[in-house]
Every structure is written in C-alpha cells, then in structure tokens.
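J.: First the structure, then my questions, so here it is.
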Amino acid sequence: REGHTYLHHIVEHYDDLADWTVFTQGSAPHWGFAKDTTGHLPDYVGFEDFVSGRGSRQDSFMPVTSVRHLPSGIGSWRLGLRFKEFRNKSSTICPADGFLGWSDWYFDQFALKKITGQRMLNFYFDEVAQIPRAGHETVTLGYSQGARFSVSRARIRSRPVQYYQALMSHLSREKDPIEGYWLETMWYDVFHPGNLQAFSTLCAYPVAPEGRPSVPEKVMRANA
C-alpha cells in the first residue's frame, strides 16, 4: 500500500528531504469519491493547492475528507467530497459549514473488515500517538481519504527517523498489511505530535450515535 512507499521515502531521504513534499496515490487527482470516480479531492480543492503549499503556515496541507470513530469503526463523509451540490466555495481543511458539512454516521462492511476494533485503537496509541491509552476509551480520527497530503521538511522532522522506521516495519510484514489501512486514517497524527486527535478533533463533526448507524447506501440517499 501507499503507506509503505511514503515511509520508505521519508526514511531514505530523512537527511535530504525537500522543503515541501506531496504524498499522493497514483490515481489522477480530481473531485469526488464514488464507484466511478476516485480522485479524492473535496469541494474546490485542486492538486495545485497541495503543490503550492496552501496552509503552509502550519507546515502541512491535509484536507479532512473522512472521519472514523474508534473502536466502533463508524464513519462520516465530507459532503463536498460526495455531492456536487454541497461543494463549498472554498479550499479549506475542514468543511466551511462546520458539522453540517458532514454526512450522517454510517457503518460499512469495509470498516468491519479493515478499520475497526481494539487492535486498531491500540496501534494508534502505541505506535502512532505513542502516549498511554489510560483514560482514552475512544478516538475520532479525521483524515484525507485516499492518503493525499503535503507536509514540510520541518513537519516531517518533528518525529525522529527511528519513529518512521518502526512504522515501516509494521507495513513490511506482508503484501497488504492491515496496518496500511489503519495508517491512512492516522497520517495527521503521525506528522503532528503536538496536536494529537486523542485530545481534540480537527473539525466539527456530527454527534456520534449510541448504536450502530445506517449502511452507506441509506446515508447516501438520506443526504442526496
């Protein structure tokens, strides 16, 4: 998965990183995320925003387009990623509409198989955040769907090279490691040890439901 490639680049070039690095999958960047389009760009964010370093005052540009609640695995989409009529006239990290810019929470089979449970939560605290889990029963992770983001050299070096080597070891054990799916939801915390989502959310999200919510197809119809 792309996570191993990203980490390999960081480890191999830690001492000679570019001032600004764009990490992206191979699919062409364009608006939307659905069965027939997986460009992963929300609202009016363009690929040039990643290249130019929009938001570089914070040393990174990582638009939040999806969110997962752990350990339940329930998720929510940024509406400007899935529905053209909800696209904000902006290129902000979070939806300009606050919590109204997100879909209803949903639960899907992908989450059941890949991104849910105590193992993933433990991986976040032990390997990514590297803080004691005591007192943290849940965490809500906002992330860039498709793992496309850009970060500065200084932001990458906020963690020592040994940190990235340790993460890469988890992604080197098999062809399609489960940790690769987990890491896609955790990149922000990898690069922002001083602003971990264990302590505060990146965006304003809808209140998570008590029980298991609808399947994605019903959520799509409800938000259409």
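Each chain of the structure tokens is named A, B, ... in the order shown, its residues numbered from 1; ligands are numbered from 1 in display order.
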Residues of chain A classed as strand (DSSP E or B) by DSSP on the backbone are to be reported as a CSV table (one decimal) with N, CA, C and O atoms, in the first residue's frame.
T.:
chain,number,residue,atom,x,y,z
A,20,TRP,N,9.3,20.9,0.7
A,20,TRP,CA,7.9,20.6,0.7
A,20,TRP,C,7.6,19.3,-0.1
A,20,TRP,O,8.1,19.2,-1.2
A,21,THR,N,7.0,18.3,0.5
A,21,THR,CA,6.7,17.1,-0.2
A,21,THR,C,5.3,16.8,-0.3
A,21,THR,O,4.5,16.9,0.7
A,22,VAL,N,4.8,16.4,-1.5
A,22,VAL,CA,3.5,16.0,-1.8
A,22,VAL,C,3.4,14.5,-1.8
A,22,VAL,O,4.1,13.9,-2.6
A,23,PHE,N,2.6,13.9,-1.0
A,23,PHE,CA,2.4,12.4,-0.9
A,23,PHE,C,1.1,12.2,-1.6
A,23,PHE,O,0.0,12.7,-1.2
A,31,TRP,N,-12.1,16.0,-8.5
A,31,TRP,CA,-13.1,16.0,-7.5
A,31,TRP,C,-13.8,14.6,-7.4
A,31,TRP,O,-14.1,14.0,-8.3
A,34,ALA,N,-16.4,8.0,-5.5
A,34,ALA,CA,-17.5,7.1,-5.8
A,34,ALA,C,-17.0,5.9,-6.6
A,34,ALA,O,-15.8,5.8,-6.9
A,37,THR,N,-15.6,7.4,-9.8
A,37,THR,CA,-14.6,8.5,-9.7
A,37,THR,C,-13.9,8.4,-8.3
A,37,THR,O,-14.6,8.4,-7.3
A,41,LEU,N,-10.6,14.6,-4.3
A,41,LEU,CA,-10.5,16.0,-4.0
A,41,LEU,C,-11.8,16.5,-3.5
A,41,LEU,O,-12.8,16.3,-4.2
A,60,SER,N,1.8,22.1,6.8
A,60,SER,CA,1.1,20.9,6.1
A,60,SER,C,-0.1,21.4,5.4
A,60,SER,O,-0.7,22.4,5.7
A,61,PHE,N,-0.6,20.6,4.5
A,61,PHE,CA,-1.9,20.7,3.9
A,61,PHE,C,-2.5,19.4,3.8
A,61,PHE,O,-2.1,18.5,3.0
A,66,SER,N,-12.8,12.5,5.4
A,66,SER,CA,-13.5,11.4,6.0
A,66,SER,C,-13.1,11.4,7.5
A,66,SER,O,-12.1,11.9,7.9
A,67,VAL,N,-13.9,10.7,8.3
A,67,VAL,CA,-13.7,10.6,9.7
A,67,VAL,C,-14.1,9.2,10.2
A,67,VAL,O,-15.1,8.7,9.7
A,68,ARG,N,-13.4,8.6,11.1
A,68,ARG,CA,-13.7,7.4,11.7
A,68,ARG,C,-13.6,7.5,13.2
A,68,ARG,O,-12.7,8.1,13.7
A,69,HIS,N,-14.6,6.8,13.8
A,69,HIS,CA,-14.7,6.8,15.3
A,69,HIS,C,-14.2,5.4,15.7
A,69,HIS,O,-14.7,4.4,15.2
A,70,LEU,N,-13.3,5.4,16.6
A,70,LEU,CA,-12.7,4.1,17.1
A,70,LEU,C,-13.0,3.9,18.6
A,70,LEU,O,-13.1,4.9,19.3
A,75,GLY,N,-18.3,5.8,10.4
A,75,GLY,CA,-17.6,6.9,9.7
A,75,GLY,C,-18.6,7.9,9.2
A,75,GLY,O,-19.8,7.8,9.3
A,76,SER,N,-18.1,9.0,8.7
A,76,SER,CA,-18.9,10.1,8.1
A,76,SER,C,-18.1,10.6,6.9
A,76,SER,O,-16.8,10.7,7.0
A,77,TRP,N,-18.7,11.0,5.9
A,77,TRP,CA,-18.1,11.6,4.7
A,77,TRP,C,-18.2,13.1,4.7
A,77,TRP,O,-19.2,13.7,5.2
A,78,ARG,N,-17.2,13.8,4.2
A,78,ARG,CA,-17.4,15.2,3.9
A,78,ARG,C,-18.3,15.4,2.7
A,78,ARG,O,-18.1,14.8,1.7
A,102,TRP,N,-20.9,17.5,7.0
A,102,TRP,CA,-20.7,16.0,7.1
A,102,TRP,C,-21.9,15.2,6.9
A,102,TRP,O,-23.0,15.7,7.3
A,106,TYR,N,-22.3,6.3,9.5
A,106,TYR,CA,-22.7,5.1,8.8
A,106,TYR,C,-21.7,4.0,9.3
A,106,TYR,O,-20.6,4.2,9.8
A,139,VAL,N,-11.4,7.4,20.2
A,139,VAL,CA,-10.8,8.5,19.5
A,139,VAL,C,-11.5,8.7,18.1
A,139,VAL,O,-12.0,7.7,17.5
A,140,THR,N,-11.6,9.9,17.7
A,140,THR,CA,-12.2,10.2,16.4
A,140,THR,C,-11.2,10.8,15.5
A,140,THR,O,-10.5,11.8,15.8
A,141,LEU,N,-10.9,10.1,14.4
A,141,LEU,CA,-9.8,10.4,13.5
A,141,LEU,C,-10.3,11.0,12.2
A,141,LEU,O,-11.0,10.3,11.4
A,142,GLY,N,-10.0,12.3,12.0
A,142,GLY,CA,-10.2,12.9,10.7
A,142,GLY,C,-9.0,12.7,9.8
A,142,GLY,O,-7.9,12.7,10.2
A,143,TYR,N,-9.3,12.4,8.5
A,143,TYR,CA,-8.1,12.1,7.6
A,143,TYR,C,-8.5,12.4,6.1
A,143,TYR,O,-9.6,12.7,5.8
A,149,PHE,N,-1.7,14.3,0.7
A,149,PHE,CA,-1.5,15.4,1.5
A,149,PHE,C,-0.1,15.9,1.3
A,149,PHE,O,0.7,15.2,0.6
A,150,SER,N,0.3,17.1,1.8
A,150,SER,CA,1.6,17.6,1.6
A,150,SER,C,2.1,18.1,3.0
A,150,SER,O,1.3,18.7,3.8
A,151,VAL,N,3.4,18.0,3.2
A,151,VAL,CA,4.0,18.4,4.5
A,151,VAL,C,5.4,18.9,4.3
A,151,VAL,O,6.0,18.6,3.3
A,152,SER,N,5.8,19.8,5.2
A,152,SER,CA,7.1,20.4,5.0
A,152,SER,C,8.2,19.5,5.6
A,152,SER,O,7.9,18.6,6.4
A,214,SER,N,-26.8,3.6,10.1
A,214,SER,CA,-27.2,3.1,8.8
A,214,SER,C,-26.0,2.6,8.0
A,214,SER,O,-24.9,3.0,8.2
J.: Any idea what's packed within 8 Å of Leu121 in chain A, counting only C-alpha atoms, ignoring anything in its chain fewer than 2 positions away? Could you give it as a VMD selection string?
T.: chain A and resid 70 to 71 116 to 119 123 to 125 138 to 139
J.: How would the residues just picked look written out with all heavy atoms as a tab-separated table (two decimals), in the first residue's frame?
T.:
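Wrote it out as part_32.tsv, contents follow:
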chain	number	residue	atom	x	y	z
A	70	LEU	N	-13.26	5.36	16.61
A	70	LEU	CA	-12.73	4.09	17.10
A	70	LEU	C	-13.05	3.90	18.58
A	70	LEU	O	-13.07	4.88	19.33
A	70	LEU	CB	-11.20	4.06	16.92
A	70	LEU	CG	-10.69	4.10	15.49
A	70	LEU	CD1	-9.17	4.11	15.47
A	70	LEU	CD2	-11.20	2.91	14.69
A	71	PRO	N	-13.33	2.66	18.99
A	71	PRO	CA	-13.16	1.42	18.23
A	71	PRO	C	-14.37	0.98	17.41
A	71	PRO	O	-14.34	-0.08	16.79
A	71	PRO	CB	-12.90	0.39	19.33
A	71	PRO	CG	-13.74	0.88	20.48
A	71	PRO	CD	-13.64	2.39	20.42
A	116	THR	N	-11.62	-1.06	12.26
A	116	THR	CA	-12.44	-1.05	13.46
A	116	THR	C	-11.75	-1.86	14.55
A	116	THR	O	-10.80	-2.59	14.29
A	116	THR	CB	-13.85	-1.63	13.17
A	116	THR	OG1	-14.68	-1.44	14.31
A	116	THR	CG2	-13.77	-3.11	12.84
A	117	GLY	N	-12.19	-1.72	15.77
A	117	GLY	CA	-11.75	-2.62	16.83
A	117	GLY	C	-10.63	-2.12	17.72
A	117	GLY	O	-10.00	-1.09	17.47
A	118	GLN	N	-10.41	-2.89	18.75
A	118	GLN	CA	-9.42	-2.54	19.77
A	118	GLN	C	-7.99	-2.63	19.24
A	118	GLN	O	-7.12	-1.86	19.67
A	118	GLN	CB	-9.58	-3.45	20.99
A	118	GLN	CG	-10.91	-3.30	21.72
A	118	GLN	CD	-11.07	-1.94	22.37
A	118	GLN	OE1	-10.08	-1.27	22.69
A	118	GLN	NE2	-12.30	-1.50	22.55
A	119	ARG	N	-7.71	-3.55	18.32
A	119	ARG	CA	-6.36	-3.65	17.77
A	119	ARG	C	-5.95	-2.36	17.07
A	119	ARG	O	-4.83	-1.88	17.23
A	119	ARG	CB	-6.27	-4.81	16.77
A	119	ARG	CG	-6.16	-6.20	17.38
A	119	ARG	CD	-5.98	-7.23	16.29
A	119	ARG	NE	-4.78	-6.99	15.52
A	119	ARG	CZ	-4.64	-7.33	14.23
A	119	ARG	NH1	-5.65	-7.89	13.57
A	119	ARG	NH2	-3.50	-7.09	13.60
A	123	PHE	N	-3.03	0.25	18.16
A	123	PHE	CA	-1.99	0.65	17.21
A	123	PHE	C	-1.85	2.17	17.20
A	123	PHE	O	-0.74	2.71	17.17
A	123	PHE	CB	-2.33	0.14	15.81
A	123	PHE	CG	-1.31	0.50	14.76
A	123	PHE	CD1	-0.17	-0.26	14.60
A	123	PHE	CD2	-1.51	1.59	13.93
A	123	PHE	CE1	0.78	0.06	13.63
A	123	PHE	CE2	-0.58	1.93	12.96
A	123	PHE	CZ	0.57	1.16	12.80
A	124	TYR	N	-2.97	2.85	17.24
A	124	TYR	CA	-2.93	4.31	17.26
A	124	TYR	C	-2.17	4.83	18.48
A	124	TYR	O	-1.26	5.66	18.37
A	124	TYR	CB	-4.34	4.90	17.24
A	124	TYR	CG	-4.36	6.38	17.52
A	124	TYR	CD1	-4.03	7.30	16.54
A	124	TYR	CD2	-4.70	6.87	18.79
A	124	TYR	CE1	-4.01	8.66	16.80
A	124	TYR	CE2	-4.69	8.22	19.06
A	124	TYR	CZ	-4.34	9.11	18.06
A	124	TYR	OH	-4.32	10.47	18.34
A	125	PHE	N	-2.53	4.33	19.65
A	125	PHE	CA	-1.89	4.84	20.87
A	125	PHE	C	-0.45	4.36	21.03
A	125	PHE	O	0.43	5.13	21.44
A	125	PHE	CB	-2.72	4.45	22.10
A	125	PHE	CG	-3.95	5.30	22.28
A	125	PHE	CD1	-5.20	4.82	21.96
A	125	PHE	CD2	-3.84	6.60	22.75
A	125	PHE	CE1	-6.33	5.61	22.11
A	125	PHE	CE2	-4.96	7.40	22.91
A	125	PHE	CZ	-6.20	6.91	22.58
A	138	THR	N	-12.06	6.03	23.48
A	138	THR	CA	-12.38	6.20	22.07
A	138	THR	C	-11.48	7.29	21.48
A	138	THR	O	-10.84	8.06	22.22
A	138	THR	CB	-13.85	6.63	21.85
A	138	THR	OG1	-14.06	7.93	22.42
A	138	THR	CG2	-14.80	5.63	22.50
A	139	VAL	N	-11.45	7.36	20.16
A	139	VAL	CA	-10.78	8.46	19.47
A	139	VAL	C	-11.49	8.66	18.13
A	139	VAL	O	-11.97	7.70	17.52
A	139	VAL	CB	-9.27	8.18	19.26
A	139	VAL	CG1	-9.06	7.03	18.28
A	139	VAL	CG2	-8.56	9.42	18.77
J.: Write out as a compact mmCIF listing (two decimals) with N, CA, C and O atoms, in the first residue's frame all residues of range 30-221 of chain A that backbone DSSP assigns to alpha helix (DSSP H).
T.:
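Once everything was written out, this is states.txt:
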# COMPACT_ATOMS: atom_id res chain seq x y z
N PHE A 47 -5.27 20.05 -7.11
CA PHE A 47 -3.96 19.46 -6.84
C PHE A 47 -2.90 20.56 -6.65
O PHE A 47 -1.94 20.38 -5.90
N GLU A 48 -3.11 21.70 -7.30
CA GLU A 48 -2.17 22.80 -7.15
C GLU A 48 -2.11 23.30 -5.71
O GLU A 48 -1.09 23.87 -5.28
N ASP A 49 -3.18 23.10 -4.95
CA ASP A 49 -3.17 23.50 -3.55
C ASP A 49 -2.15 22.68 -2.75
O ASP A 49 -1.53 23.19 -1.81
N PHE A 50 -2.00 21.43 -3.10
CA PHE A 50 -1.01 20.58 -2.43
C PHE A 50 0.40 20.98 -2.85
O PHE A 50 1.30 21.05 -2.02
N VAL A 51 0.58 21.25 -4.13
CA VAL A 51 1.90 21.57 -4.65
C VAL A 51 2.38 22.93 -4.16
O VAL A 51 3.54 23.11 -3.78
N SER A 52 1.48 23.90 -4.14
CA SER A 52 1.86 25.26 -3.76
C SER A 52 2.03 25.43 -2.26
O SER A 52 2.61 26.41 -1.80
N LEU A 79 -19.40 16.06 2.91
CA LEU A 79 -20.41 16.14 1.85
C LEU A 79 -19.84 16.71 0.56
O LEU A 79 -20.25 16.32 -0.53
N GLY A 80 -18.88 17.62 0.67
CA GLY A 80 -18.28 18.22 -0.51
C GLY A 80 -17.38 17.27 -1.28
O GLY A 80 -16.87 17.63 -2.35
N LEU A 81 -17.20 16.06 -0.76
CA LEU A 81 -16.45 15.02 -1.46
C LEU A 81 -17.39 14.11 -2.26
O LEU A 81 -16.98 13.54 -3.26
N ARG A 82 -18.64 14.00 -1.82
CA ARG A 82 -19.57 13.03 -2.41
C ARG A 82 -20.70 13.65 -3.21
O ARG A 82 -21.29 12.98 -4.06
N GLN A 109 -19.24 -2.64 5.54
CA GLN A 109 -18.51 -3.89 5.59
C GLN A 109 -17.00 -3.66 5.54
O GLN A 109 -16.22 -4.43 6.11
N PHE A 110 -16.57 -2.61 4.83
CA PHE A 110 -15.15 -2.30 4.76
C PHE A 110 -14.61 -2.01 6.16
O PHE A 110 -13.54 -2.50 6.54
N ALA A 111 -15.37 -1.24 6.92
CA ALA A 111 -14.95 -0.93 8.29
C ALA A 111 -14.91 -2.19 9.13
O ALA A 111 -14.00 -2.40 9.93
N LEU A 112 -15.90 -3.05 8.95
CA LEU A 112 -15.98 -4.28 9.72
C LEU A 112 -14.73 -5.15 9.50
O LEU A 112 -14.22 -5.78 10.43
N LYS A 113 -14.22 -5.13 8.25
CA LYS A 113 -13.08 -5.97 7.91
C LYS A 113 -11.74 -5.29 8.17
O LYS A 113 -10.75 -5.94 8.49
N GLN A 118 -10.41 -2.89 18.75
CA GLN A 118 -9.42 -2.54 19.77
C GLN A 118 -7.99 -2.63 19.24
O GLN A 118 -7.12 -1.86 19.67
N ARG A 119 -7.71 -3.55 18.32
CA ARG A 119 -6.36 -3.65 17.77
C ARG A 119 -5.95 -2.36 17.07
O ARG A 119 -4.83 -1.88 17.23
N MET A 120 -6.86 -1.81 16.29
CA MET A 120 -6.56 -0.56 15.59
C MET A 120 -6.38 0.58 16.58
O MET A 120 -5.49 1.42 16.43
N LEU A 121 -7.23 0.59 17.61
CA LEU A 121 -7.12 1.64 18.62
C LEU A 121 -5.78 1.53 19.37
O LEU A 121 -5.12 2.53 19.63
N ASN A 122 -5.38 0.30 19.68
CA ASN A 122 -4.10 0.10 20.35
C ASN A 122 -2.94 0.52 19.46
O ASN A 122 -1.95 1.10 19.94
N PHE A 123 -3.03 0.25 18.16
CA PHE A 123 -1.99 0.65 17.21
C PHE A 123 -1.85 2.17 17.20
O PHE A 123 -0.74 2.71 17.17
N ARG A 153 9.41 19.80 5.32
CA ARG A 153 10.54 19.07 5.88
C ARG A 153 10.54 19.19 7.41
O ARG A 153 10.74 18.20 8.13
N ALA A 154 10.29 20.39 7.90
CA ALA A 154 10.27 20.60 9.35
C ALA A 154 9.17 19.78 10.01
O ALA A 154 9.37 19.23 11.12
N ARG A 155 8.02 19.69 9.35
CA ARG A 155 6.92 18.93 9.92
C ARG A 155 7.27 17.44 9.98
O ARG A 155 7.00 16.76 10.98
N ILE A 156 7.88 16.91 8.94
CA ILE A 156 8.29 15.51 8.94
C ILE A 156 9.32 15.27 10.04
O ILE A 156 9.25 14.27 10.77
N VAL A 161 13.83 9.83 12.78
CA VAL A 161 13.78 8.83 11.72
C VAL A 161 13.43 7.45 12.27
O VAL A 161 12.79 6.64 11.59
N GLN A 162 13.83 7.17 13.51
CA GLN A 162 13.53 5.87 14.11
C GLN A 162 12.02 5.63 14.24
O GLN A 162 11.56 4.49 14.18
N TYR A 163 11.28 6.71 14.42
CA TYR A 163 9.82 6.61 14.50
C TYR A 163 9.26 6.07 13.19
O TYR A 163 8.42 5.16 13.18
N TYR A 164 9.71 6.62 12.08
CA TYR A 164 9.24 6.19 10.76
C TYR A 164 9.73 4.79 10.43
O TYR A 164 9.01 4.01 9.78
N GLN A 165 10.92 4.45 10.84
CA GLN A 165 11.43 3.10 10.62
C GLN A 165 10.57 2.08 11.34
O GLN A 165 10.28 1.00 10.80
N ALA A 166 10.14 2.41 12.55
CA ALA A 166 9.30 1.50 13.32
C ALA A 166 7.94 1.31 12.65
O ALA A 166 7.43 0.19 12.56
N LEU A 167 7.34 2.40 12.16
CA LEU A 167 6.07 2.29 11.45
C LEU A 167 6.23 1.46 10.18
O LEU A 167 5.38 0.62 9.85
N MET A 168 7.33 1.68 9.45
CA MET A 168 7.55 0.95 8.21
C MET A 168 7.69 -0.54 8.46
O MET A 168 7.29 -1.36 7.62
N SER A 169 8.24 -0.91 9.59
CA SER A 169 8.40 -2.33 9.90
C SER A 169 7.05 -3.03 9.98
O SER A 169 6.92 -4.20 9.61
N HIS A 170 6.01 -2.31 10.45
CA HIS A 170 4.67 -2.89 10.53
C HIS A 170 4.07 -3.10 9.13
O HIS A 170 3.26 -4.01 8.93
N ILE A 178 -2.77 -5.07 7.26
CA ILE A 178 -3.92 -4.35 7.81
C ILE A 178 -3.51 -2.98 8.33
O ILE A 178 -4.27 -2.01 8.29
N GLU A 179 -2.26 -2.87 8.79
CA GLU A 179 -1.78 -1.60 9.32
C GLU A 179 -1.77 -0.50 8.25
O GLU A 179 -1.84 0.68 8.58
N GLY A 180 -1.69 -0.89 6.99
CA GLY A 180 -1.73 0.10 5.92
C GLY A 180 -3.06 0.82 5.86
O GLY A 180 -3.13 2.03 5.61
N TYR A 181 -4.14 0.09 6.09
CA TYR A 181 -5.48 0.69 6.13
C TYR A 181 -5.63 1.57 7.37
O TYR A 181 -6.23 2.65 7.31
N TRP A 182 -5.10 1.10 8.48
CA TRP A 182 -5.17 1.89 9.70
C TRP A 182 -4.42 3.20 9.55
O TRP A 182 -4.93 4.26 9.92
N LEU A 183 -3.24 3.12 8.97
CA LEU A 183 -2.38 4.31 8.89
C LEU A 183 -3.00 5.40 8.03
O LEU A 183 -2.77 6.59 8.27
N GLU A 184 -3.80 5.01 7.03
CA GLU A 184 -4.45 6.02 6.19
C GLU A 184 -5.28 6.99 7.02
O GLU A 184 -5.40 8.17 6.69
N TRP A 187 -2.50 9.64 9.45
CA TRP A 187 -1.36 10.42 8.98
C TRP A 187 -1.25 11.77 9.67
O TRP A 187 -0.14 12.25 9.92
N TYR A 188 -2.36 12.41 9.94
CA TYR A 188 -2.27 13.72 10.59
C TYR A 188 -1.50 13.62 11.91
O TYR A 188 -0.62 14.44 12.19
N ASP A 189 -1.81 12.61 12.68
CA ASP A 189 -1.16 12.46 13.99
C ASP A 189 0.29 11.99 13.86
O ASP A 189 1.11 12.26 14.74
N VAL A 190 0.60 11.31 12.77
CA VAL A 190 2.00 10.95 12.51
C VAL A 190 2.85 12.21 12.44
O VAL A 190 3.94 12.28 13.02
N PHE A 191 2.34 13.23 11.75
CA PHE A 191 3.13 14.44 11.49
C PHE A 191 2.86 15.58 12.48
O PHE A 191 3.52 16.61 12.41
N PRO A 216 -23.97 2.59 4.29
CA PRO A 216 -23.65 3.74 3.43
C PRO A 216 -24.71 4.08 2.40
O PRO A 216 -24.97 5.26 2.14
N GLU A 217 -25.36 3.06 1.80
CA GLU A 217 -26.34 3.34 0.76
C GLU A 217 -27.51 4.15 1.29
O GLU A 217 -27.99 5.08 0.64
N LYS A 218 -27.96 3.86 2.50
CA LYS A 218 -29.05 4.62 3.10
C LYS A 218 -28.60 6.02 3.44
O LYS A 218 -29.38 6.98 3.32
N VAL A 219 -27.36 6.18 3.88
CA VAL A 219 -26.82 7.50 4.20
C VAL A 219 -26.74 8.34 2.92
O VAL A 219 -27.05 9.54 2.93
N MET A 220 -26.30 7.73 1.82
CA MET A 220 -26.22 8.44 0.54
C MET A 220 -27.59 8.95 0.13
O MET A 220 -27.75 10.10 -0.28
N ARG A 221 -28.61 8.10 0.24
CA ARG A 221 -29.98 8.52 -0.13
C ARG A 221 -30.48 9.61 0.79
O ARG A 221 -31.13 10.56 0.36
J.: Figure out the distance between CA of Leu7 in chain A and CA of Arg157 in chain A, please, to one decimal in Å.
T.: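 According to the coordinates, CA of Arg157 in chain A and CA of Leu7 in chain A are separated by 12.6 Å.
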J.: Which residues of range 8-66 of chain A come within 12 Å of range 197-212 of chain A, and for each one, what is the closest pair of atoms and their distance in Å to one decimal, counting only C-alpha atoms, sorted by chain and residue number, as JSON lines?
T.:
{"residue": "A:Met62", "atom": "CA", "partner": "A:Leu202", "partner_atom": "CA", "distance": 10.5}
{"residue": "A:Pro63", "atom": "CA", "partner": "A:Leu202", "partner_atom": "CA", "distance": 10.0}
{"residue": "A:Val64", "atom": "CA", "partner": "A:Cys203", "partner_atom": "CA", "distance": 7.9}
{"residue": "A:Thr65", "atom": "CA", "partner": "A:Cys203", "partner_atom": "CA", "distance": 10.1}
{"residue": "A:Ser66", "atom": "CA", "partner": "A:Tyr205", "partner_atom": "CA", "distance": 10.3}
J.: One decimal, Å: what's the distance from CA of Trp105 in chain A over to CA of Ser144 in chain A, could you say?
T.: 17.0 Å
J.: To one decimal place, how far is CA of Ser158 in chain A from CA of Gly135 in chain A in Å?
T.: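 Spanning CA of Ser158 in chain A to CA of Gly135 in chain A is a straight-line distance of 25.4 Å.
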J.: Pick the closest to Pro42 in chain A from A:Thr24, A:Leu100, A:Gln145, A:Asp108: which is it, counting only C-alpha atoms?
T.: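 Nearest candidate to Pro42 in chain A out of A:Thr24, A:Leu100, A:Gln145, A:Asp108: A:Gln145.
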J.: Given only C-alpha atoms as the basis, pick out the residue of A:Arg159, A:Lys114, A:Arg87, A:His4 nearest to Arg173 in chain A.
T.: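 Ranking A:Arg159, A:Lys114, A:Arg87, A:His4 by distance to Arg173 in chain A, first place goes to A:His4.
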